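What follows is a set of notes on a single structure, which appears directly below.
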Amino acid sequence: MRALVTGGAGYIGSSISNYLLDKGHEVIIVDNLSTGTIHNVPKEAKFYKFDIVNSKKITKIFLEKKIDIVFHFAAFINNEESLKRPKKYYDNNYKKGKIFFENCIKNNVKKFIYSSTAAVYGNKNFKINEKERLNPISPYSKSKLKLENFLIKNKKKISCIILRYFNVAGVDKKLRCGFYTKKGSNLILNLCFALKKKNIFTVNGNDYETRDGTPIRDYIHVQDLAEIHLLAAKKILKKNFFKIFNCGYGHGYSVMEILKKFNFYSNSKIRYVIGKRRKNDIVISIADPKKIIQFLKWRPKHQNLEHVVKSSLKWYLKHI
Ligand SMILES: NC(=O)c1ccc[n+]([C@@H]2O[C@H](COP(=O)([O-])OP(=O)(O)OC[C@H]3O[C@@H](n4cnc5c(N)ncnc54)[C@H](O)[C@@H]3O)[C@@H](O)[C@H]2O)c1
């Protein structure tokens with residue numbers, strides 16, 4: 001297959017681009033490098049540095065080469081920043097995303113895999129399936145859902161799989177790409193940062209209604225996510241349909257549990273303090289992954305937390 005990947009210089013887009021290339025597929029990346037980096041872009045991929053809203057340049061790609069499928073990763077993803085700058089998120093994630101997809105449809109490119117987020121569900125204290133009521137609580141998750149709704153509105157014209165990722169963790173198995181930011185909302189990344197800088201780590205709130213008072217998340221390894229994308233693409237290239245899937249394992253770890261396991265696997269003792277709750281933080285987010293397991297016949301292979309921690313740390317110490 002020949003895939004157009006938006007956001008392929010970012011953490012997830014680059015990991016999945018490498019995976020697709022490893023499996024013999026052709027990858028064309030469009031990324032404006034607003035949060036991504038050229039160091040993440042695989043050498044075997046064709047790379048264009050421009051914005052997804054640049055319809056003229058995207059159309060040129062479509063005219064030059066037949067694109068079989070589009071993987072749309074490009075977005076801003078910082079939940080906390082979105083609370084302060086909601087318009088930035090609405091404009092980039094929804095408005096530009098809509099213009100981009102409209103341009104694809106106009107050019108007869110109609111097979112899409114869209115990276116959405118479990119944050120569209122908001123807070124639920126049980127395993128979430130795809131039929132669950134949606135309740136996005138930040139401008140980030142609202143912008144992601146708005147683009148989902150645009151795609152749903154156009155479902156008769158297109159073939160599309162919306163993947164709602166839970167928390168993505170781990171790095172490429174050959175450590176070719178990963179996260180380059182020093183700090184963000186990724187817990188394992190923040191622990192790597194605290195370890196390297198010998199900083200005191202802040203746990204944001206320990207008075208939530210969970211087993212140890214700290215928020216619980218379902219962490220999916222980026223390699224498993226990559227396999228999901230390939231399986232999904234193969235299916236949708238054979239047949240036209242529109243489906244939404246959760247991407248997670250169906251079990252979660254609390255922040256304290258991750259901190260303890262991180263210390264254990266990295267043989268370190270990160271000191272921590274209990275800080276204030278983060279505004280609009282989701283307390284519990286765990287996938288019910290039955291639907292994707294059945295439909296794609298996907299089986300998770302990288303659930304081992306030791307591997308997630310050790311590979312993330314190896315990457316971090318080498319590159320950051
Ligand atoms: N990281 C997670 O845990 C997580 C969880 C749920 C969903 N997601 C979704 O996965 C996708 C990828 O996330 P990530 O963690 O790799 O983020 P990232 O910031 O590492 O990558 C995003 C990439 O998109 C590019 N980009 C942003 N706006 C652009 C634009 N207008 N034009 C061209 N390029 C643009 C950036 O330069 C960057 O390379 C996002 O859509 C995000 O909403 C991520």
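Each chain of the structure tokens is named A, B, ... in the order shown, its residues numbered from 1; ligands are numbered from 1 in display order.
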
Show me which residues sit within 6 Å of ligand 1 when counting only C-alpha atoms and all ligand atoms, and put them as a ChimeraX atom specification.
-> /A:7-13,31-36,50-52,73-77,92,115-117,165-168

Every residue of region 152-308 of chain A that DSSP places in strand (DSSP E), as a ChimeraX atom specification | /A:159-165,167-169,201-204,216-217,219-221,242-247,253-254,272-275,284-287

What does the file look like for those residues with N, CA, C and O atoms, as a short mmCIF file (atom, residue, chain, number, x, y, z; two decimals), in the first residue's frame?
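Now in out.cif:
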```
data_model
loop_
_atom_site.label_atom_id
_atom_site.label_comp_id
_atom_site.auth_asym_id
_atom_site.auth_seq_id
_atom_site.Cartn_x
_atom_site.Cartn_y
_atom_site.Cartn_z
N SER A 159 -14.64 5.85 3.42
CA SER A 159 -14.42 4.64 4.22
C SER A 159 -13.47 5.05 5.33
O SER A 159 -12.40 5.59 5.03
N CYS A 160 -13.84 4.75 6.56
CA CYS A 160 -13.02 5.34 7.63
C CYS A 160 -13.01 4.48 8.89
O CYS A 160 -14.03 3.88 9.24
N ILE A 161 -11.85 4.43 9.54
CA ILE A 161 -11.78 3.82 10.87
C ILE A 161 -11.29 4.90 11.83
O ILE A 161 -10.23 5.50 11.63
N ILE A 162 -12.10 5.14 12.86
CA ILE A 162 -11.69 6.08 13.91
C ILE A 162 -11.13 5.23 15.05
O ILE A 162 -11.80 4.33 15.55
N LEU A 163 -9.87 5.51 15.41
CA LEU A 163 -9.25 4.75 16.50
C LEU A 163 -9.13 5.67 17.72
O LEU A 163 -8.48 6.72 17.65
N ARG A 164 -9.79 5.28 18.79
CA ARG A 164 -9.71 6.08 20.03
C ARG A 164 -8.63 5.47 20.92
O ARG A 164 -8.86 4.45 21.59
N TYR A 165 -7.44 6.10 20.89
CA TYR A 165 -6.33 5.57 21.68
C TYR A 165 -6.54 5.91 23.15
O TYR A 165 -6.92 7.02 23.49
N ASN A 167 -3.94 5.60 26.70
CA ASN A 167 -2.63 6.27 26.84
C ASN A 167 -1.55 5.50 26.11
O ASN A 167 -1.34 4.33 26.39
N VAL A 168 -0.87 6.18 25.22
CA VAL A 168 0.13 5.49 24.41
C VAL A 168 1.49 5.58 25.11
O VAL A 168 1.87 6.62 25.63
N ALA A 169 2.19 4.44 25.14
CA ALA A 169 3.48 4.39 25.85
C ALA A 169 4.47 3.55 25.06
O ALA A 169 4.11 2.92 24.06
N PHE A 201 9.58 14.47 41.64
CA PHE A 201 8.42 14.27 40.78
C PHE A 201 7.14 14.68 41.53
O PHE A 201 6.99 14.38 42.72
N THR A 202 6.24 15.36 40.83
CA THR A 202 4.98 15.76 41.47
C THR A 202 3.84 14.83 41.04
O THR A 202 3.58 14.69 39.84
N VAL A 203 3.20 14.21 42.01
CA VAL A 203 1.99 13.41 41.74
C VAL A 203 0.81 14.38 41.87
O VAL A 203 0.60 14.97 42.94
N ASN A 204 0.07 14.55 40.77
CA ASN A 204 -1.00 15.56 40.78
C ASN A 204 -2.28 15.03 41.42
O ASN A 204 -3.20 14.63 40.73
N ILE A 216 -6.13 6.56 37.24
CA ILE A 216 -5.81 5.27 36.62
C ILE A 216 -5.98 5.36 35.11
O ILE A 216 -6.98 5.91 34.63
N ARG A 217 -5.00 4.81 34.40
CA ARG A 217 -5.05 4.86 32.93
C ARG A 217 -4.69 3.50 32.35
O ARG A 217 -3.94 2.73 32.94
N TYR A 219 -2.57 1.86 29.55
CA TYR A 219 -1.40 2.22 28.72
C TYR A 219 -1.23 1.22 27.60
O TYR A 219 -1.02 0.04 27.86
N ILE A 220 -1.30 1.68 26.35
CA ILE A 220 -1.09 0.76 25.22
C ILE A 220 0.27 1.06 24.58
O ILE A 220 0.62 2.22 24.36
N HIS A 221 1.01 -0.02 24.29
CA HIS A 221 2.34 0.15 23.71
C HIS A 221 2.22 0.58 22.24
O HIS A 221 1.38 0.07 21.50
N PHE A 242 -17.39 2.04 7.74
CA PHE A 242 -17.06 3.11 8.69
C PHE A 242 -17.18 2.52 10.09
O PHE A 242 -18.24 2.04 10.47
N LYS A 243 -16.08 2.53 10.85
CA LYS A 243 -16.15 1.93 12.20
C LYS A 243 -15.32 2.73 13.20
O LYS A 243 -14.37 3.42 12.82
N ILE A 244 -15.70 2.57 14.46
CA ILE A 244 -14.96 3.24 15.55
C ILE A 244 -14.48 2.16 16.53
O ILE A 244 -15.25 1.27 16.90
N PHE A 245 -13.21 2.25 16.92
CA PHE A 245 -12.66 1.26 17.85
C PHE A 245 -11.88 1.92 18.98
O PHE A 245 -11.14 2.89 18.75
N ASN A 246 -11.99 1.32 20.16
CA ASN A 246 -11.12 1.68 21.27
C ASN A 246 -9.79 0.95 21.13
O ASN A 246 -9.77 -0.23 20.75
N CYS A 247 -8.69 1.63 21.48
CA CYS A 247 -7.38 0.98 21.47
C CYS A 247 -6.79 1.02 22.87
O CYS A 247 -6.28 2.06 23.31
N TYR A 253 -3.30 1.07 35.23
CA TYR A 253 -2.37 1.30 36.34
C TYR A 253 -2.61 2.70 36.88
O TYR A 253 -2.85 3.63 36.10
N SER A 254 -2.47 2.84 38.20
CA SER A 254 -2.58 4.18 38.78
C SER A 254 -1.22 4.88 38.64
O SER A 254 -0.20 4.23 38.38
N TYR A 272 9.28 11.92 45.35
CA TYR A 272 8.06 12.57 44.86
C TYR A 272 7.37 13.36 45.95
O TYR A 272 7.57 13.11 47.15
N VAL A 273 6.55 14.33 45.51
CA VAL A 273 5.68 15.05 46.44
C VAL A 273 4.26 14.95 45.89
O VAL A 273 4.06 14.72 44.70
N ILE A 274 3.30 15.10 46.79
CA ILE A 274 1.90 15.11 46.33
C ILE A 274 1.53 16.57 46.05
O ILE A 274 1.58 17.42 46.95
N GLY A 275 1.20 16.85 44.80
CA GLY A 275 0.82 18.21 44.43
C GLY A 275 -0.69 18.33 44.26
O GLY A 275 -1.44 17.42 44.60
N ILE A 284 -10.42 8.03 35.84
CA ILE A 284 -10.22 6.64 35.42
C ILE A 284 -10.52 6.52 33.93
O ILE A 284 -11.55 7.03 33.46
N SER A 285 -9.62 5.86 33.21
CA SER A 285 -9.84 5.68 31.77
C SER A 285 -9.29 4.32 31.36
O SER A 285 -8.08 4.13 31.23
N ILE A 286 -10.20 3.35 31.22
CA ILE A 286 -9.80 1.98 30.85
C ILE A 286 -10.68 1.50 29.70
O ILE A 286 -11.91 1.64 29.75
N ALA A 287 -10.04 0.94 28.69
CA ALA A 287 -10.78 0.50 27.50
C ALA A 287 -11.46 -0.84 27.72
O ALA A 287 -10.95 -1.70 28.43
#
```

Residue contacts of Ile69 (chain A) (10 Å, only C-alpha atoms) excluding same-chain residues fewer than 5 positions away, as a PyMOL selection string | chain A and resi 1-5+109-113+159-160+233-234+236-237

Which neighbours of Cys104 (chain A) fall inside 10 Å, counting only C-alpha atoms, when residues of the same chain fewer than 6 positions from it are skipped, and could you give them as a PDB file with C-alpha atoms, in the first residue's frame?
```
ATOM      1  CA  SER A  55      -4.402  22.158   0.038  1.00  0.00           C
ATOM      2  CA  ILE A  58      -1.334  18.240  -0.736  1.00  0.00           C
ATOM      3  CA  THR A  59      -3.245  18.136  -4.029  1.00  0.00           C
ATOM      4  CA  PHE A  62      -2.336  13.338  -4.865  1.00  0.00           C
ATOM      5  CA  ILE A  67      -2.553   7.371  -2.442  1.00  0.00           C
ATOM      6  CA  VAL A  70      -4.490   8.352   4.684  1.00  0.00           C
ATOM      7  CA  LYS A  98     -11.734  19.344   8.201  1.00  0.00           C
ATOM      8  CA  LYS A 110     -11.458   8.359   0.533  1.00  0.00           C
ATOM      9  CA  LYS A 111      -9.912   5.724   2.817  1.00  0.00           C
ATOM     10  CA  PHE A 112      -9.003   7.137   6.198  1.00  0.00           C
TER      11      PHE A 112
END
```

For Val255 (chain A), work out the shell of residues within 10 Å, counting only C-alpha atoms and skipping chain neighbours fewer than 3 positions away, then give it as number ranges by chain.
-> A: 187-188, 203-206, 212-217, 252, 258-261

So which residues of region 28-255 of chain A fall under helix (DSSP H, G or I) by DSSP, listed as a ChimeraX atom specification?
-> /A:38-40,55-64,79-84,86-106,118-121,139-153,187-197,222-238,255

Residue among A:Gly122, A:Pro139, A:Gly97, A:Pro289 lying closest to Ser82 (chain A), counting only C-alpha atoms |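 Counting only C-alpha atoms, the residue closest to Ser82 (chain A) is A:Pro139.
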
Long-range neighbours of region 170-185 of chain A as number ranges by chain, 6 Å cut-off, only C-alpha atoms, 3 positions minimum in chain = A: 11, 15, 40, 190, 221-222, 308, 312

For Ser138 (chain A): contacts at 8 Å, only C-alpha atoms, fewer than 6 positions along chain excluded, given as JSON, numbers by chain | {"A": [79, 82, 83, 280]}

Nearest to Tyr121 (chain A) among A:Ile282, A:Ile228, A:Phe193, A:Ser14, with distances taken over only C-alpha atoms: which residue is it?
->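 Among the listed residues, A:Ile282 lies closest to Tyr121 (chain A).
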
Between A:Lys291, A:Lys269, A:Lys66, A:His251, which one has atoms that come closest to Asn199 (chain A), using only C-alpha atoms?
->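 Checking each candidate against Asn199 (chain A), we get A:Lys269 as the closest.
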